[in-house]
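Source file: run-v3.cif; contents: mmCIF, C-alpha atoms.
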data_run
#
loop_
_atom_site.label_atom_id
_atom_site.label_comp_id
_atom_site.auth_asym_id
_atom_site.auth_seq_id
_atom_site.Cartn_x
_atom_site.Cartn_y
_atom_site.Cartn_z
CA MET A 401 -15.60 -32.15 7.95
CA SER A 402 -14.99 -35.12 10.24
CA GLU A 403 -15.20 -34.47 13.98
CA ALA A 404 -11.78 -36.11 14.23
CA CYS A 405 -10.29 -33.79 11.61
CA ASN A 406 -6.82 -32.50 12.46
CA HIS A 407 -6.95 -29.90 9.62
CA HIS A 408 -4.04 -31.54 7.78
CA CYS A 409 -5.48 -32.55 4.42
CA GLU A 410 -2.39 -34.19 2.95
CA GLY A 411 -2.83 -37.95 3.10
CA CYS A 412 -6.31 -37.64 4.65
CA GLU A 413 -8.84 -40.30 3.62
CA GLN A 414 -11.94 -38.30 4.61
CA ASP A 415 -14.23 -37.08 1.82
CA CYS A 416 -15.00 -33.45 2.60
CA SER A 417 -16.00 -32.48 -0.95
CA GLN A 418 -19.70 -32.28 -0.11
CA ARG A 419 -19.28 -30.47 3.19
CA ASP A 420 -19.53 -26.73 3.81
CA MET A 421 -16.09 -25.67 5.04
CA HIS A 422 -17.06 -22.01 5.51
CA ALA A 423 -17.05 -20.28 8.87
CA ALA A 424 -20.48 -19.30 10.18
CA LEU A 425 -21.41 -15.68 9.58
CA ASN A 426 -22.42 -13.65 12.63
CA GLN A 427 -26.12 -14.29 13.24
CA TYR A 428 -26.93 -10.58 13.14
CA SER A 429 -25.42 -10.18 9.69
CA SER A 430 -26.84 -10.63 6.20
CA ILE A 431 -24.43 -10.22 3.29
CA ARG A 432 -25.51 -10.76 -0.29
CA LYS A 433 -22.08 -10.87 -1.98
CA VAL A 434 -18.47 -11.03 -0.79
CA VAL A 435 -15.72 -9.71 -3.07
CA ALA A 436 -11.99 -9.96 -2.34
CA VAL A 437 -9.50 -7.39 -3.65
CA SER A 438 -6.19 -9.18 -3.91
CA SER A 439 -2.72 -9.32 -5.40
CA GLY A 440 0.27 -11.57 -5.03
CA LYS A 441 2.37 -8.52 -4.16
CA GLY A 442 2.26 -5.64 -1.70
CA GLY A 443 2.39 -1.97 -2.61
CA VAL A 444 0.22 -2.17 -5.71
CA GLY A 445 -2.71 -0.25 -4.22
CA LYS A 446 -5.17 -2.91 -3.05
CA SER A 447 -6.40 -0.76 -0.18
CA SER A 448 -7.02 2.33 -2.30
CA VAL A 449 -8.81 0.26 -4.94
CA THR A 450 -10.91 -1.42 -2.22
CA ALA A 451 -11.80 1.96 -0.73
CA MET A 452 -12.76 3.44 -4.09
CA LEU A 453 -14.88 0.41 -4.99
CA ALA A 454 -16.73 0.76 -1.69
CA VAL A 455 -17.27 4.51 -2.12
CA LEU A 456 -18.50 4.22 -5.69
CA MET A 457 -20.83 1.34 -4.85
CA ALA A 458 -22.23 3.35 -1.94
CA ARG A 459 -22.87 6.27 -4.31
CA ARG A 460 -24.98 3.93 -6.41
CA GLY A 461 -27.17 3.29 -3.39
CA TYR A 462 -25.80 -0.04 -2.19
CA LYS A 463 -25.14 -1.00 1.43
CA VAL A 464 -21.42 -1.62 1.61
CA GLY A 465 -18.86 -2.92 4.10
CA ILE A 466 -15.08 -3.38 4.14
CA LEU A 467 -13.30 -6.14 6.03
CA ASP A 468 -9.65 -5.08 6.34
CA ALA A 469 -7.86 -8.44 6.27
CA ASP A 470 -4.37 -6.93 6.12
CA ILE A 471 -3.80 -7.36 9.83
CA THR A 472 -0.12 -6.38 9.86
CA GLY A 473 -0.53 -3.43 7.50
CA PRO A 474 -4.05 -2.02 7.94
CA SER A 475 -4.77 1.21 6.09
CA ILE A 476 -8.54 1.31 5.47
CA PRO A 477 -9.40 3.30 8.67
CA LYS A 478 -6.80 5.94 7.74
CA ALA A 479 -8.24 6.36 4.24
CA PHE A 480 -11.71 6.99 5.68
CA GLY A 481 -10.57 9.11 8.61
CA LEU A 482 -11.88 6.63 11.20
CA THR A 483 -10.39 7.14 14.64
CA LYS A 484 -13.15 5.93 16.96
CA LYS A 485 -12.55 2.44 18.33
CA ALA A 486 -14.88 -0.46 17.61
CA HIS A 487 -16.83 -1.79 20.58
CA ALA A 488 -18.65 -4.97 21.50
CA THR A 489 -22.34 -5.38 22.32
CA ASP A 490 -24.64 -8.35 22.86
CA LEU A 491 -24.87 -8.61 19.07
CA GLY A 492 -21.11 -8.89 18.59
CA ILE A 493 -18.34 -6.49 17.62
CA MET A 494 -19.86 -3.41 16.00
CA PRO A 495 -18.08 -2.12 12.88
CA GLU A 496 -17.42 1.59 12.59
CA GLU A 497 -19.29 3.59 9.96
CA THR A 498 -17.94 6.22 7.61
CA HIS A 499 -19.75 9.45 6.72
CA MET A 500 -21.42 7.63 3.81
CA GLY A 501 -22.49 4.72 6.03
CA ILE A 502 -19.83 2.27 4.80
CA LYS A 503 -19.21 -0.26 7.57
CA VAL A 504 -15.56 -0.98 8.35
CA MET A 505 -13.77 -3.49 10.53
CA SER A 506 -9.99 -3.39 10.89
CA ILE A 507 -7.48 -4.38 13.52
CA ASN A 508 -6.59 -0.69 13.86
CA LEU A 509 -10.09 -0.09 15.23
CA LEU A 510 -9.30 -2.48 18.08
CA LEU A 511 -5.75 -1.41 18.96
CA GLU A 512 -5.11 1.19 21.63
CA ASN A 513 -2.73 3.06 19.31
CA ALA A 514 -3.04 3.06 15.53
CA ASP A 515 0.75 2.88 15.12
CA GLN A 516 1.05 -0.17 17.37
CA PRO A 517 2.62 -3.04 15.38
CA VAL A 518 0.85 -6.38 15.20
CA VAL A 519 3.57 -9.00 15.74
CA TRP A 520 1.62 -12.24 15.41
CA ARG A 521 2.30 -15.57 13.78
CA GLY A 522 0.25 -16.88 10.88
CA PRO A 523 -2.40 -18.91 12.76
CA VAL A 524 -3.19 -15.98 15.05
CA LEU A 525 -3.49 -13.61 12.07
CA SER A 526 -5.80 -16.07 10.33
CA GLY A 527 -7.90 -16.42 13.46
CA ALA A 528 -8.33 -12.66 13.72
CA VAL A 529 -9.59 -12.41 10.15
CA THR A 530 -12.03 -15.26 10.68
CA GLN A 531 -13.35 -13.48 13.79
CA PHE A 532 -14.06 -10.41 11.67
CA TRP A 533 -16.53 -12.68 9.85
CA THR A 534 -17.97 -14.67 12.75
CA ASP A 535 -17.99 -12.07 15.55
CA VAL A 536 -18.73 -8.77 13.78
CA ALA A 537 -22.38 -7.72 13.53
CA TRP A 538 -22.35 -6.37 9.98
CA GLY A 539 -26.12 -5.94 9.72
CA GLU A 540 -27.54 -5.97 6.18
CA LEU A 541 -25.02 -5.46 3.39
CA ASP A 542 -25.32 -5.76 -0.36
CA VAL A 543 -21.59 -6.31 -0.73
CA LEU A 544 -18.67 -6.82 1.62
CA PHE A 545 -15.26 -6.03 0.16
CA ILE A 546 -12.25 -7.78 1.67
CA ASP A 547 -8.99 -5.86 1.50
CA MET A 548 -6.64 -8.84 1.21
CA PRO A 549 -3.10 -9.07 2.56
CA PRO A 550 -0.38 -9.61 -0.06
CA GLY A 551 0.94 -13.00 -1.00
CA THR A 552 -0.42 -16.53 -1.03
CA GLY A 553 0.25 -17.56 2.57
CA ASP A 554 -1.77 -18.43 5.66
CA VAL A 555 -4.18 -15.49 5.77
CA PRO A 556 -5.21 -15.45 2.08
CA LEU A 557 -5.62 -19.23 2.21
CA THR A 558 -7.81 -18.97 5.32
CA ILE A 559 -9.99 -16.34 3.66
CA TYR A 560 -10.39 -18.32 0.46
CA GLN A 561 -11.28 -21.50 2.34
CA SER A 562 -13.31 -20.09 5.24
CA LEU A 563 -15.32 -17.26 3.69
CA PRO A 564 -17.90 -17.71 0.91
CA LEU A 565 -16.31 -15.49 -1.73
CA ASP A 566 -18.45 -14.62 -4.73
CA GLY A 567 -15.73 -12.82 -6.65
CA ASN A 568 -12.13 -11.66 -6.68
CA ILE A 569 -10.65 -8.51 -8.22
CA ILE A 570 -6.89 -8.65 -8.77
CA VAL A 571 -4.83 -5.47 -8.56
CA SER A 572 -1.63 -5.11 -10.57
CA THR A 573 0.76 -2.47 -11.88
CA PRO A 574 2.33 -2.37 -15.37
CA GLN A 575 5.69 -3.94 -14.44
CA THR A 576 6.23 -7.42 -15.86
CA LEU A 577 7.69 -8.59 -12.53
CA VAL A 578 4.50 -7.58 -10.70
CA GLN A 579 2.38 -9.32 -13.31
CA MET A 580 4.33 -12.52 -12.73
CA VAL A 581 3.53 -12.36 -9.02
CA VAL A 582 -0.08 -11.43 -9.78
CA GLY A 583 -0.24 -14.55 -11.91
CA LYS A 584 0.45 -16.56 -8.76
CA ALA A 585 -2.53 -14.92 -7.03
CA HIS A 586 -4.68 -15.75 -10.03
CA LYS A 587 -3.61 -19.39 -9.98
CA MET A 588 -4.25 -19.61 -6.24
CA ALA A 589 -7.79 -18.28 -6.64
CA ASP A 590 -8.35 -20.60 -9.57
CA MET A 591 -7.14 -23.62 -7.59
CA LEU A 592 -9.64 -22.79 -4.84
CA ASN A 593 -12.52 -22.13 -7.29
CA ILE A 594 -12.81 -18.42 -6.49
CA PRO A 595 -14.43 -16.57 -9.43
CA ILE A 596 -12.22 -13.76 -10.76
CA LEU A 597 -14.07 -10.68 -11.96
CA GLY A 598 -11.00 -9.16 -13.59
CA ILE A 599 -7.85 -7.09 -13.13
CA VAL A 600 -7.47 -3.44 -12.14
CA GLU A 601 -4.18 -1.94 -13.28
CA ASN A 602 -3.05 0.69 -10.80
CA MET A 603 -0.38 3.33 -11.50
CA SER A 604 -0.99 2.71 -15.18
CA CYS A 605 0.49 6.04 -16.25
CA VAL A 606 0.91 9.73 -15.45
CA ILE A 607 -1.29 12.18 -17.33
CA CYS A 608 0.49 15.41 -18.26
CA PRO A 609 -1.45 18.32 -16.72
CA ASP A 610 -0.56 20.55 -19.70
CA CYS A 611 -1.19 18.44 -22.79
CA GLY A 612 -3.06 15.42 -21.41
CA LYS A 613 -0.54 12.95 -22.80
CA ARG A 614 -0.42 9.60 -20.97
CA ILE A 615 3.13 8.77 -19.86
CA PRO A 616 3.70 5.09 -18.90
CA LEU A 617 6.33 5.42 -16.16
CA PHE A 618 6.39 1.72 -15.30
CA GLY A 619 6.07 0.13 -18.70
CA ASP A 620 3.59 -0.50 -21.47
CA SER A 621 0.18 -1.83 -20.46
CA ALA A 622 0.18 -4.12 -23.50
CA SER A 623 1.95 -6.78 -21.44
CA LEU A 624 -0.85 -6.68 -18.87
CA GLU A 625 -3.45 -7.02 -21.61
CA GLU A 626 -1.57 -10.07 -22.90
CA ALA A 627 -1.26 -11.55 -19.40
CA ALA A 628 -4.97 -11.00 -18.71
CA ASP A 629 -5.86 -12.57 -22.06
CA ASN A 630 -3.71 -15.60 -21.24
CA MET A 631 -5.49 -15.91 -17.88
CA GLY A 632 -8.87 -15.54 -19.55
CA ILE A 633 -9.95 -12.55 -17.45
CA PRO A 634 -10.76 -8.95 -18.42
CA VAL A 635 -8.87 -5.79 -17.54
CA LEU A 636 -11.57 -3.85 -15.70
CA ALA A 637 -9.77 -0.54 -15.26
CA LYS A 638 -6.49 1.26 -15.81
CA LEU A 639 -5.93 3.85 -13.13
CA PRO A 640 -3.47 6.68 -13.73
CA MET A 641 -1.30 7.95 -10.90
CA ASN A 642 -3.38 10.68 -9.28
CA ALA A 643 -2.01 13.05 -6.67
CA ASP A 644 -5.54 14.09 -5.66
CA ILE A 645 -6.51 10.51 -4.77
CA ALA A 646 -3.28 10.06 -2.80
CA ARG A 647 -4.00 13.28 -0.92
CA LEU A 648 -7.56 12.22 -0.13
CA CYS A 649 -6.32 8.86 1.21
CA ASP A 650 -3.69 10.54 3.37
CA SER A 651 -6.19 13.04 4.78
CA GLY A 652 -8.92 10.46 5.48
CA GLU A 653 -11.23 11.88 2.82
CA ILE A 654 -11.39 9.04 0.32
CA GLU A 655 -15.17 9.44 0.17
CA ARG A 656 -14.62 12.61 -1.87
CA VAL A 657 -12.78 10.71 -4.58
CA VAL A 658 -13.66 11.14 -8.24
CA CYS A 659 -12.30 8.36 -10.46
CA GLU A 660 -14.20 7.77 -13.68
CA GLU A 661 -11.74 5.06 -14.70
CA MET A 662 -13.09 2.82 -11.92
CA ALA A 663 -16.59 2.67 -13.41
CA PRO A 664 -16.13 -0.66 -15.30
CA ALA A 665 -14.85 -2.36 -12.12
CA VAL A 666 -17.86 -1.06 -10.20
CA ASP A 667 -20.09 -2.26 -13.05
CA ALA A 668 -18.61 -5.76 -12.66
CA VAL A 669 -19.52 -5.84 -8.96
CA GLU A 670 -22.98 -4.50 -9.68
CA THR A 671 -23.50 -7.20 -12.32
CA LEU A 672 -22.48 -9.79 -9.72
CA LEU A 673 -25.13 -8.42 -7.37
CA LYS A 674 -27.80 -8.75 -10.02
CA LYS A 675 -27.12 -12.44 -10.65
#

Show how you would write the structure in this file as structure tokens.
Amino acid sequence: MSEACNHHCEGCEQDCSQRDMHAALNQYSSIRKVVAVSSGKGGVGKSSVTAMLAVLMARRGYKVGILDADITGPSIPKAFGLTKKAHATDLGIMPEETHMGIKVMSINLLLENADQPVVWRGPVLSGAVTQFWTDVAWGELDVLFIDMPPGTGDVPLTIYQSLPLDGNIIVSTPQTLVQMVVGKAHKMADMLNIPILGIVENMSCVICPDCGKRIPLFGDSASLEEAADNMGIPVLAKLPMNADIARLCDSGEIERVVCEEMAPAVDAVETLLKK
């Protein structure tokens, strides 16, 4: 990047194609792989999928962290029952650790009150997320999951351009409308050369507790399969609606989760680590 760069690329004559545009990682951090969990739409379960991926990877013996990039709607600390505030040392901002040793950084770990709203404009939000990369002493991690904010605006763009992402998992639900918006997230990642590991379909169905029949409340998953095939990416998992998982998230006990359906998504991250 030119020293005279004004960060407005349109009409710029500078050739930045061979330059590293990524923000510098905190010097006391070593992270093997960075995986974003994203969607073009809110309310599809990105945070719960991120939390479960982290828990299941930790159970396989990996050192895991979560960067909660949803600054205006952070929920990762709640899912893990984290209430202690993050603090700064000479090394940088220290992430909080869960019972399993998963390292977490979220704006809610810096606010005086967890219910305090964050009313910031886009550049300030983007700057906060970048600081979670440059100023947090993550230590040694095998994988850092990024719980992305919804949409394709300032913060997702900053993350895609400033952080060295190794993979992206897209979260969707069965509705065709959601899949259309998810398609936008896929195209954004593709435009910015972010590898997509696949799609996780959340709220895929309800399983009858009496007969075990799968009831698709929000539509047939066949449309998602078709959409994923058109995008050239696999469907990694189809997660049924599960009251136990919702209860564990609400009570801060997500580390007790059992979700066999997530195994292929975890396998995809593990395969990425082995490359």

- prompt: Could you write out as JSON, numbers by chain the residues that the PyMOL selection byres ((chain A and resi 542) around 10) matches in the shown file?
  reply: {"A": [430, 431, 432, 433, 434, 457, 458, 461, 462, 463, 464, 465, 540, 541, 543, 544, 670, 673]}

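The interatomic distance for the pair atom CA of Val635 of chain A and atom CA of Gly567 of chain A works out to 14.7 Å.
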
task: Take the PyMOL selection byres ((chain A and resi 561) around 10), apply it to the structure above, and return the hits as a PyMOL selection string.
output: chain A and resi 420-423+555-560+562-565+592-594

- request: Check which residues satisfy the PyMOL selection byres ((chain A and resi 584-590) around 12) in the file shown, then give them as a PyMOL selection string.
  value: chain A and resi 436-442+548-553+556-561+565-572+577-583+591-599+627-628+630-633

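The interatomic distance for the pair atom CA of Asp490 of chain A and atom CA of Ala537 of chain A works out to 9.6 Å.
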
- request: Kindly give the distance, in Å, that separates atom CA of Ala637 of chain A and atom CA of Ser604 of chain A, rounded to a single decimal.
  value: 9.4 Å

Excluding same-chain residues fewer than 2 positions from Thr498 of chain A, what lies within 12 Å of it counting all atoms listed in the file, as a CSV table (one decimal) with C-alpha atoms, keeping the file's coordinate frame?
chain,number,residue,atom,x,y,z
A,451,ALA,CA,-11.8,2.0,-0.7
A,454,ALA,CA,-16.7,0.8,-1.7
A,455,VAL,CA,-17.3,4.5,-2.1
A,458,ALA,CA,-22.2,3.4,-1.9
A,463,LYS,CA,-25.1,-1.0,1.4
A,464,VAL,CA,-21.4,-1.6,1.6
A,465,GLY,CA,-18.9,-2.9,4.1
A,466,ILE,CA,-15.1,-3.4,4.1
A,476,ILE,CA,-8.5,1.3,5.5
A,477,PRO,CA,-9.4,3.3,8.7
A,478,LYS,CA,-6.8,5.9,7.7
A,479,ALA,CA,-8.2,6.4,4.2
A,480,PHE,CA,-11.7,7.0,5.7
A,481,GLY,CA,-10.6,9.1,8.6
A,482,LEU,CA,-11.9,6.6,11.2
A,483,THR,CA,-10.4,7.1,14.6
A,484,LYS,CA,-13.2,5.9,17.0
A,495,PRO,CA,-18.1,-2.1,12.9
A,496,GLU,CA,-17.4,1.6,12.6
A,500,MET,CA,-21.4,7.6,3.8
A,501,GLY,CA,-22.5,4.7,6.0
A,502,ILE,CA,-19.8,2.3,4.8
A,503,LYS,CA,-19.2,-0.3,7.6
A,504,VAL,CA,-15.6,-1.0,8.4
A,505,MET,CA,-13.8,-3.5,10.5
A,652,GLY,CA,-8.9,10.5,5.5
A,653,GLU,CA,-11.2,11.9,2.8
A,654,ILE,CA,-11.4,9.0,0.3
A,655,GLU,CA,-15.2,9.4,0.2
A,656,ARG,CA,-14.6,12.6,-1.9

Segment 547-552 of chain A, all listed atoms, 5 Å padding on each side: what axis-aligned box centre and edge lengths in Å to one decimal come out, as JSON?
{"center_x": -4.0, "center_y": -11.2, "center_z": 0.8, "size_x": 19.9, "size_y": 20.7, "size_z": 13.6}

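The shell of residues at most 9 Å from Leu510 of chain A, with only C-alpha atoms counted and near chain neighbours (fewer than 6 positions) removed, consists of A:Lys485, A:Ala486, A:His487.
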
message: So that I can see what lies close to Met641 of chain A, please list as a ChimeraX atom specification the residues with an atom at most 10 Å from it, counting all atoms listed in the file and leaving out residues fewer than 5 positions away in the same chain.
response: /A:602-607,616-617,646

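Shortest atom-to-atom contact with Thr573 of chain A among A:Ser623, A:Ser447, A:Gln516, A:Ser475: A:Ser623, counting all atoms listed in the file.
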
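Residue nearest Leu453 of chain A within the list A:Val435, A:Lys613, A:Leu525, A:Tyr428: A:Val435 [criterion: smallest interatomic distance, only C-alpha atoms].
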
query: Which is closer to Leu491 of chain A than all the others in A:Leu624, A:Ile615, A:Ala469, A:Val536, using all atoms listed in the file?
result: A:Val536

field: Pick from A:Gln531, A:Gly612, A:His499, A:Ile471, whichever lies nearest to Ala424 of chain A using all atoms listed in the file
entry: A:Gln531

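Restricting the calculation to all atoms listed in the file, the smallest distance between Gly445 of chain A and any of A:Asp547, A:Ala643, A:Ala663, A:Asp629 is found for A:Asp547.
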
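Each of A:Asn642, A:Gln575, A:Ser651, A:Asn426 was checked against Cys608 of chain A using all atoms listed in the file; the smallest atom-to-atom distance is that of A:Asn642.
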
Pull segment 504-515 of chain A out of the block and emit all heavy atoms, as a tab-separated table (two decimals), in the first residue's frame.
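And here is the file that came out, selection.tsv:
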chain	number	residue	atom	x	y	z
A	504	VAL	N	-11.69	-16.28	24.41
A	504	VAL	CA	-12.77	-15.49	23.84
A	504	VAL	C	-12.48	-14.01	24.01
A	504	VAL	O	-12.06	-13.56	25.07
A	504	VAL	CB	-14.12	-15.82	24.53
A	504	VAL	CG1	-15.23	-14.90	24.04
A	504	VAL	CG2	-14.50	-17.28	24.30
A	505	MET	N	-12.72	-13.25	22.93
A	505	MET	CA	-12.71	-11.80	23.03
A	505	MET	C	-13.99	-11.26	22.41
A	505	MET	O	-14.34	-11.63	21.28
A	505	MET	CB	-11.49	-11.19	22.33
A	505	MET	CG	-11.47	-9.66	22.35
A	505	MET	SD	-11.77	-8.90	23.97
A	505	MET	CE	-10.41	-9.57	24.93
A	506	SER	N	-14.68	-10.42	23.16
A	506	SER	CA	-15.94	-9.83	22.72
A	506	SER	C	-16.07	-8.46	23.34
A	506	SER	O	-15.51	-8.19	24.42
A	506	SER	CB	-17.11	-10.73	23.17
A	506	SER	OG	-18.35	-10.09	22.97
A	507	ILE	N	-16.80	-7.58	22.68
A	507	ILE	CA	-17.00	-6.25	23.24
A	507	ILE	C	-17.70	-6.31	24.59
A	507	ILE	O	-17.48	-5.45	25.46
A	507	ILE	CB	-17.81	-5.36	22.25
A	507	ILE	CG1	-17.72	-3.89	22.63
A	507	ILE	CG2	-19.26	-5.83	22.15
A	507	ILE	CD1	-16.37	-3.28	22.52
A	508	ASN	N	-18.51	-7.33	24.82
A	508	ASN	CA	-19.20	-7.46	26.10
A	508	ASN	C	-18.24	-7.74	27.25
A	508	ASN	O	-18.61	-7.57	28.41
A	508	ASN	CB	-20.28	-8.55	26.04
A	508	ASN	CG	-21.66	-7.96	25.82
A	508	ASN	OD1	-21.80	-6.80	25.45
A	508	ASN	ND2	-22.69	-8.76	26.05
A	509	LEU	N	-17.03	-8.18	26.94
A	509	LEU	CA	-16.03	-8.40	27.98
A	509	LEU	C	-15.28	-7.12	28.33
A	509	LEU	O	-14.44	-7.12	29.21
A	509	LEU	CB	-15.03	-9.48	27.52
A	509	LEU	CG	-15.64	-10.85	27.23
A	509	LEU	CD1	-14.56	-11.80	26.74
A	509	LEU	CD2	-16.32	-11.43	28.47
A	510	LEU	N	-15.61	-6.04	27.61
A	510	LEU	CA	-14.97	-4.75	27.86
A	510	LEU	C	-15.96	-3.70	28.37
A	510	LEU	O	-15.54	-2.68	28.92
A	510	LEU	CB	-14.31	-4.23	26.57
A	510	LEU	CG	-13.22	-5.12	25.97
A	510	LEU	CD1	-12.78	-4.57	24.62
A	510	LEU	CD2	-12.03	-5.25	26.91
A	511	LEU	N	-17.25	-3.95	28.18
A	511	LEU	CA	-18.26	-3.00	28.64
A	511	LEU	C	-18.51	-3.15	30.14
A	511	LEU	O	-18.41	-4.25	30.69
A	511	LEU	CB	-19.57	-3.22	27.88
A	511	LEU	CG	-19.53	-3.03	26.36
A	511	LEU	CD1	-20.89	-3.39	25.76
A	511	LEU	CD2	-19.14	-1.61	26.00
A	512	GLU	N	-18.87	-2.04	30.77
A	512	GLU	CA	-19.17	-2.09	32.20
A	512	GLU	C	-20.40	-2.93	32.48
A	512	GLU	O	-20.42	-3.71	33.43
A	512	GLU	CB	-19.38	-0.67	32.73
A	512	GLU	CG	-19.60	-0.60	34.24
A	512	GLU	CD	-19.69	0.82	34.76
A	512	GLU	OE1	-19.35	1.76	34.00
A	512	GLU	OE2	-20.11	1.00	35.91
A	513	ASN	N	-21.41	-2.82	31.62
A	513	ASN	CA	-22.63	-3.61	31.76
A	513	ASN	C	-22.88	-4.38	30.47
A	513	ASN	O	-22.81	-3.80	29.37
A	513	ASN	CB	-23.84	-2.71	32.07
A	513	ASN	CG	-23.68	-1.96	33.38
A	513	ASN	OD1	-23.38	-2.56	34.41
A	513	ASN	ND2	-23.88	-0.65	33.34
A	514	ALA	N	-23.21	-5.66	30.60
A	514	ALA	CA	-23.39	-6.50	29.42
A	514	ALA	C	-24.57	-6.05	28.57
A	514	ALA	O	-24.60	-6.30	27.36
A	514	ALA	CB	-23.58	-7.95	29.84
A	515	ASP	N	-25.56	-5.37	29.17
A	515	ASP	CA	-26.73	-4.94	28.41
A	515	ASP	C	-26.57	-3.52	27.88
A	515	ASP	O	-27.51	-2.93	27.35
A	515	ASP	CB	-28.00	-5.04	29.26
A	515	ASP	CG	-27.93	-4.20	30.53
A	515	ASP	OD1	-26.87	-3.61	30.81
A	515	ASP	OD2	-28.95	-4.14	31.25
